[in-house]
Amino acid sequence: MAIDFDLFHDWCVDRFGETNIKLKHTAHGDEITTHSFFAMDLLGKDDRKYHLWMNTEGGKKRLDGGAYRCWLTDSMGSLISLVSKVDGVTYEEAEETITGTTSLRSLEKKVDEFFGHKSEVDDMQPVIIEAEEIVLPDYCFKIDDMSASNRWRVRARRYLDERKIPTDGLYVCTGGDFENRIIVPYYDKEGKLVFFNGRTMSTSKKALRYMKLIEGDQESVLYMTSWPAAGSKIYIMEGEFDAIALKLCNLIGCAVGGKYLSDTQIELIRGYKPVLVFDTDASGLEALVNVGNTLLERGFHGLRYVRPPKAYKDWNKFLVKRNTQTVKAYIDRFEKPFTAMTGDLLLSNRL
């Protein structure tokens with residue numbers, strides 16, 4: 001739904017102050033910039049000036065719902081989700097604020113409340129725009145198809161064995177831009193390749209740990225170890241290896257590739273029962289709270305979470321040191337509801 005620039009401008013003036021915003025006309029639409037409140041805990045006031053970028057026409061990709069990005073923290077999403085976050089209102093209320101209209105979902109919800117029945121709109125599937133065809137990089141080979149004596153197969157298997165990650169469905173690059181990287185392919189529900197990530201096997205601290213497909217858009221895809229039936233429980237985390245680790249425990253892992261969920265990713269998991277299982281470090285806690293609060297705002301019910309034991313940064317490291325039975329038993333034992341109070345309690349160390 002199109003964002004009304006005047007309405008959004010008025011909202012920015014009211015929330016941030018007229019002297020704290022700047023207007024800019026670009027080839028990708030009108031932009032508004034302001035000081036980034038996302039970086040308040042990281043930088044001083046002077047260091048975060050005008051780093052929050054907001055485009056009512058969705059930027060270069062013309063994203064529906066507009067787009068924002070903090071260039072200091074890499075926080076990003078739709079303008080509707082930004083208004084929802086800042087004002088503490090539902091997604092539908094935020095949408096109405098900056099579009100001047102009421103969404104179909106909001107209208108149906110009001111009808112349901114009046115007549116006391118469930119709308120069929122809740123069961124509608126999101127429309128996913130077809131992306132350009134994705135192909136794996138040059139010199140990329142499926143590990144299991146390589147000869148047993150091939151040095152790249154030997155290297156890849158050793159790297160994965162140390163992490164208790166099976167080679168099934170994974171590739172290794174033997175040359176080109178992705179040389180010496182494990183390639184993790186992403187598939188959609190129809191089994192079509194939509195993205196891939198390249199994880200380096202190098203031990204050098206200077207090596208970029210992950211190299212993503214430049215033309216691809218990770219914000220519009222999810223890494224699912226398998227796409228289950230609607231209503232299934234899925235475990236949301238950042239990295240693919242953690243998702244694979246949980247698959248070995250007979251759980252459905254889903255990697256989102258960051259600390260935030262885009263609007264597209266949120267719609268991709270709608271209809272499932274998410275359990276948030278981000279890392280134990282500060283970044284993982286931030287992701288847990290951000291994603292949890294966002295999903296609550298977007299109408300997800302029965303949301304749950306569980307954090308890895310403090311001795312292990314993530315689920316893959318937990319699996320390496322223990323075993324699948326222990327990991328699954330731990331998750332079953334310590335899984336808890338994520339409510340509107342959970343985020344604050346976690347950040348204050350009361351949970």
# chains A, B, ... in the order shown; residues from 1 in each chain; ligands from 1
>>> residues_around(residues="Asn20 (chain A)", least_positions_apart="2", cutoff="10 Å", atoms="only C-alpha atoms", output="ChimeraX atom specification")
/A:12-13,15-18,22,33-35,49-50
>>> write_last_selection(atoms="N, CA and C atoms", output="CSV table (one decimal), in the first residue's frame")
chain,number,residue,atom,x,y,z
A,12,CYS,N,6.9,12.5,10.9
A,12,CYS,CA,8.3,12.7,11.2
A,12,CYS,C,8.5,14.0,12.0
A,13,VAL,N,7.8,15.1,11.6
A,13,VAL,CA,7.9,16.3,12.2
A,13,VAL,C,7.4,16.2,13.7
A,15,ARG,N,7.3,13.5,15.5
A,15,ARG,CA,8.0,12.6,16.4
A,15,ARG,C,9.5,13.0,16.6
A,16,PHE,N,10.1,13.6,15.5
A,16,PHE,CA,11.5,13.9,15.6
A,16,PHE,C,11.8,15.4,15.7
A,17,GLY,N,10.8,16.3,15.4
A,17,GLY,CA,11.0,17.7,15.4
A,17,GLY,C,11.4,18.2,14.0
A,18,GLU,N,10.8,19.3,13.6
A,18,GLU,CA,11.1,19.8,12.3
A,18,GLU,C,12.5,20.2,12.0
A,22,LYS,N,15.7,16.3,7.5
A,22,LYS,CA,16.1,16.9,6.2
A,22,LYS,C,15.3,16.2,5.1
A,33,THR,N,15.6,12.2,6.2
A,33,THR,CA,16.6,11.7,7.1
A,33,THR,C,16.5,12.4,8.4
A,34,THR,N,16.9,11.7,9.5
A,34,THR,CA,16.9,12.2,10.8
A,34,THR,C,17.9,11.5,11.6
A,35,HIS,N,18.1,12.0,12.9
A,35,HIS,CA,19.1,11.3,13.8
A,35,HIS,C,18.6,9.9,14.1
A,49,LYS,N,24.0,11.8,13.7
A,49,LYS,CA,23.2,12.8,13.0
A,49,LYS,C,22.8,12.3,11.6
A,50,TYR,N,21.5,12.3,11.3
A,50,TYR,CA,21.0,12.1,10.0
A,50,TYR,C,21.4,10.8,9.4
>>> residues_around(residues="Lys212 (chain A)", least_positions_apart="2", cutoff="7 Å", atoms="only C-alpha atoms", output="PyMOL selection string")
chain A and resi 196-198+210+214
>>> write_last_selection(atoms="C-alpha atoms", output="mmCIF file, in the first residue's frame")
data_model
loop_
_atom_site.group_PDB
_atom_site.id
_atom_site.type_symbol
_atom_site.label_atom_id
_atom_site.label_comp_id
_atom_site.auth_asym_id
_atom_site.auth_seq_id
_atom_site.Cartn_x
_atom_site.Cartn_y
_atom_site.Cartn_z
ATOM 1 C CA PHE A 196 22.949 -18.871 -1.528
ATOM 2 C CA ASN A 197 25.502 -17.992 1.142
ATOM 3 C CA GLY A 198 29.230 -18.749 1.091
ATOM 4 C CA TYR A 210 30.267 -14.927 4.891
ATOM 5 C CA ILE A 214 25.612 -9.698 -4.602
#
>>> residues_around(residues="Trp71 (chain A)", least_positions_apart="6", cutoff="9 Å", atoms="only C-alpha atoms", output="list in words")
Ser36, His51, Leu52 and Trp53 of chain A
>>> write_last_selection(atoms="N, CA, C and O atoms", output="PDB file, in the first residue's frame")
ATOM      1  N   SER A  36      19.558   9.002  14.172  1.00  0.00           N
ATOM      2  CA  SER A  36      19.187   7.599  14.353  1.00  0.00           C
ATOM      3  C   SER A  36      19.036   7.225  15.830  1.00  0.00           C
ATOM      4  O   SER A  36      20.030   7.119  16.547  1.00  0.00           O
ATOM      5  N   HIS A  51      21.570   9.767  10.214  1.00  0.00           N
ATOM      6  CA  HIS A  51      21.924   8.448   9.702  1.00  0.00           C
ATOM      7  C   HIS A  51      20.703   7.543   9.518  1.00  0.00           C
ATOM      8  O   HIS A  51      20.844   6.422   9.036  1.00  0.00           O
ATOM      9  N   LEU A  52      19.524   8.014   9.924  1.00  0.00           N
ATOM     10  CA  LEU A  52      18.305   7.231   9.700  1.00  0.00           C
ATOM     11  C   LEU A  52      17.650   7.730   8.414  1.00  0.00           C
ATOM     12  O   LEU A  52      17.166   8.861   8.335  1.00  0.00           O
ATOM     13  N   TRP A  53      17.645   6.874   7.397  1.00  0.00           N
ATOM     14  CA  TRP A  53      17.145   7.212   6.063  1.00  0.00           C
ATOM     15  C   TRP A  53      15.759   6.607   5.901  1.00  0.00           C
ATOM     16  O   TRP A  53      15.548   5.447   6.236  1.00  0.00           O
TER      17      TRP A  53
END
>>> residues_around(residues="region 174-181 of chain A", least_positions_apart="4", cutoff="6 Å", atoms="only C-alpha atoms", output="PyMOL selection string")
chain A and resi 139+198-201
>>> closest_residue(among="A:Tyr223, A:Tyr272, A:Tyr235, A:Phe38", to="Asn250 (chain A)", atoms="only C-alpha atoms")
A:Tyr235
>>> select_by_dssp(residues="region 48-296 of chain A", states="strand (DSSP E or B)", output="PyMOL selection string")
chain A and resi 52-55+67-70+76-77+140-142+171-173+181-187+193-200+210-212+223-224+233-237+253-255+270+272-276
>>> atom_distance(atom1="CA of Leu170 (chain A)", atom2="CA of Asp217 (chain A)")
20.0 Å
>>> atom_distance(atom1="CA of Gly100 (chain A)", atom2="CA of Ala2 (chain A)")
9.7 Å
>>> residues_around(residues="Leu7 (chain A)", least_positions_apart="2", cutoff="12 Å", atoms="only C-alpha atoms", output="MDAnalysis selection string")
chainID A and resid 2:5 9:14 56 79 83 94:101
>>> write_last_selection(atoms="C-alpha atoms", output="PDB file, in the first residue's frame")
ATOM      1  CA  ALA A   2       1.429   3.384  -1.027  1.00  0.00           C
ATOM      2  CA  ILE A   3       2.725   5.721   1.646  1.00  0.00           C
ATOM      3  CA  ASP A   4       1.340   9.256   1.597  1.00  0.00           C
ATOM      4  CA  PHE A   5       4.445  11.482   1.686  1.00  0.00           C
ATOM      5  CA  HIS A   9       6.348  13.937   6.706  1.00  0.00           C
ATOM      6  CA  ASP A  10       3.878  15.248   9.299  1.00  0.00           C
ATOM      7  CA  TRP A  11       4.487  12.131  11.392  1.00  0.00           C
ATOM      8  CA  CYS A  12       8.273  12.688  11.239  1.00  0.00           C
ATOM      9  CA  VAL A  13       7.911  16.345  12.234  1.00  0.00           C
ATOM     10  CA  ASP A  14       5.722  15.360  15.176  1.00  0.00           C
ATOM     11  CA  THR A  56       8.267   6.759   1.109  1.00  0.00           C
ATOM     12  CA  LEU A  79       8.049   2.598   7.115  1.00  0.00           C
ATOM     13  CA  VAL A  83       5.841   3.759  12.783  1.00  0.00           C
ATOM     14  CA  ALA A  94       0.617   2.285  11.777  1.00  0.00           C
ATOM     15  CA  GLU A  95      -0.455   1.600   8.198  1.00  0.00           C
ATOM     16  CA  GLU A  96      -3.530   3.782   8.611  1.00  0.00           C
ATOM     17  CA  THR A  97      -1.428   6.608  10.097  1.00  0.00           C
ATOM     18  CA  ILE A  98       0.828   7.065   7.070  1.00  0.00           C
ATOM     19  CA  THR A  99      -1.394   5.903   4.212  1.00  0.00           C
ATOM     20  CA  GLY A 100      -4.650   7.548   5.239  1.00  0.00           C
ATOM     21  CA  THR A 101      -6.520   4.333   4.557  1.00  0.00           C
TER      22      THR A 101
END
>>> residues_around(residues="region 296-313 of chain A", least_positions_apart="5", cutoff="6 Å", atoms="only C-alpha atoms", output="PyMOL selection string")
chain A and resi 90-91+274-277+279-280+318+335-338
>>> write_last_selection(atoms="N, CA and C atoms", output="CSV table (one decimal), in the first residue's frame")
chain,number,residue,atom,x,y,z
A,90,THR,N,-0.2,-1.2,16.6
A,90,THR,CA,-0.3,-2.4,15.8
A,90,THR,C,0.2,-2.0,14.4
A,91,TYR,N,0.5,-3.0,13.6
A,91,TYR,CA,0.9,-2.8,12.2
A,91,TYR,C,-0.3,-2.1,11.4
A,274,PRO,N,6.3,-19.9,15.4
A,274,PRO,CA,7.7,-19.6,15.6
A,274,PRO,C,8.2,-19.8,17.0
A,275,VAL,N,9.4,-20.3,17.2
A,275,VAL,CA,10.1,-20.4,18.4
A,275,VAL,C,11.4,-19.7,18.2
A,276,LEU,N,11.7,-18.6,19.0
A,276,LEU,CA,12.9,-17.8,18.8
A,276,LEU,C,14.1,-18.4,19.5
A,277,VAL,N,15.2,-18.8,18.8
A,277,VAL,CA,16.3,-19.5,19.4
A,277,VAL,C,17.7,-18.8,19.0
A,279,ASP,N,21.3,-16.6,19.4
A,279,ASP,CA,22.6,-16.9,20.2
A,279,ASP,C,22.5,-16.3,21.6
A,280,THR,N,23.5,-16.7,22.4
A,280,THR,CA,23.5,-16.3,23.8
A,280,THR,C,24.2,-14.9,24.0
A,318,PHE,N,26.9,-25.9,20.9
A,318,PHE,CA,26.2,-26.8,21.9
A,318,PHE,C,26.2,-28.2,21.4
A,335,GLU,N,11.9,-24.2,26.8
A,335,GLU,CA,11.1,-23.4,25.9
A,335,GLU,C,10.0,-22.7,26.7
A,336,LYS,N,9.9,-21.3,26.5
A,336,LYS,CA,9.0,-20.5,27.2
A,336,LYS,C,8.2,-19.6,26.3
A,337,PRO,N,7.0,-19.1,26.8
A,337,PRO,CA,6.3,-18.1,26.1
A,337,PRO,C,7.0,-16.8,26.0
A,338,PHE,N,6.9,-16.1,24.8
A,338,PHE,CA,7.4,-14.8,24.6
A,338,PHE,C,6.2,-13.8,24.6
>>> closest_residue(among="A:Asp6, A:Cys140, A:Arg153, A:Asn55", to="Thr26 (chain A)", atoms="only C-alpha atoms")
A:Asn55
>>> decode(residues="region 3-36 of chain A", atoms="C-alpha atoms", output="short mmCIF file (atom, residue, chain, number, x, y, z; two decimals), in the first residue's frame")
data_model
loop_
_atom_site.label_atom_id
_atom_site.label_comp_id
_atom_site.auth_asym_id
_atom_site.auth_seq_id
_atom_site.Cartn_x
_atom_site.Cartn_y
_atom_site.Cartn_z
CA ILE A 3 2.72 5.72 1.65
CA ASP A 4 1.34 9.26 1.60
CA PHE A 5 4.45 11.48 1.69
CA ASP A 6 2.67 14.42 3.36
CA LEU A 7 1.21 12.20 6.08
CA PHE A 8 4.57 10.56 6.72
CA HIS A 9 6.35 13.94 6.71
CA ASP A 10 3.88 15.25 9.30
CA TRP A 11 4.49 12.13 11.39
CA CYS A 12 8.27 12.69 11.24
CA VAL A 13 7.91 16.34 12.23
CA ASP A 14 5.72 15.36 15.18
CA ARG A 15 8.04 12.55 16.36
CA PHE A 16 11.51 13.92 15.62
CA GLY A 17 11.03 17.69 15.39
CA GLU A 18 11.07 19.83 12.25
CA THR A 19 14.64 21.04 12.86
CA ASN A 20 15.87 17.44 13.16
CA ILE A 21 14.79 16.21 9.74
CA LYS A 22 16.07 16.85 6.24
CA LEU A 23 14.30 16.39 2.90
CA LYS A 24 16.00 15.11 -0.24
CA HIS A 25 14.69 14.42 -3.75
CA THR A 26 16.33 11.44 -5.45
CA ALA A 27 15.83 9.27 -8.51
CA HIS A 28 14.38 6.62 -6.19
CA GLY A 29 11.80 8.87 -4.56
CA ASP A 30 11.58 11.51 -1.85
CA GLU A 31 13.69 10.79 1.22
CA ILE A 32 13.58 12.04 4.78
CA THR A 33 16.61 11.69 7.08
CA THR A 34 16.89 12.22 10.81
CA HIS A 35 19.09 11.35 13.78
CA SER A 36 19.19 7.60 14.35
#
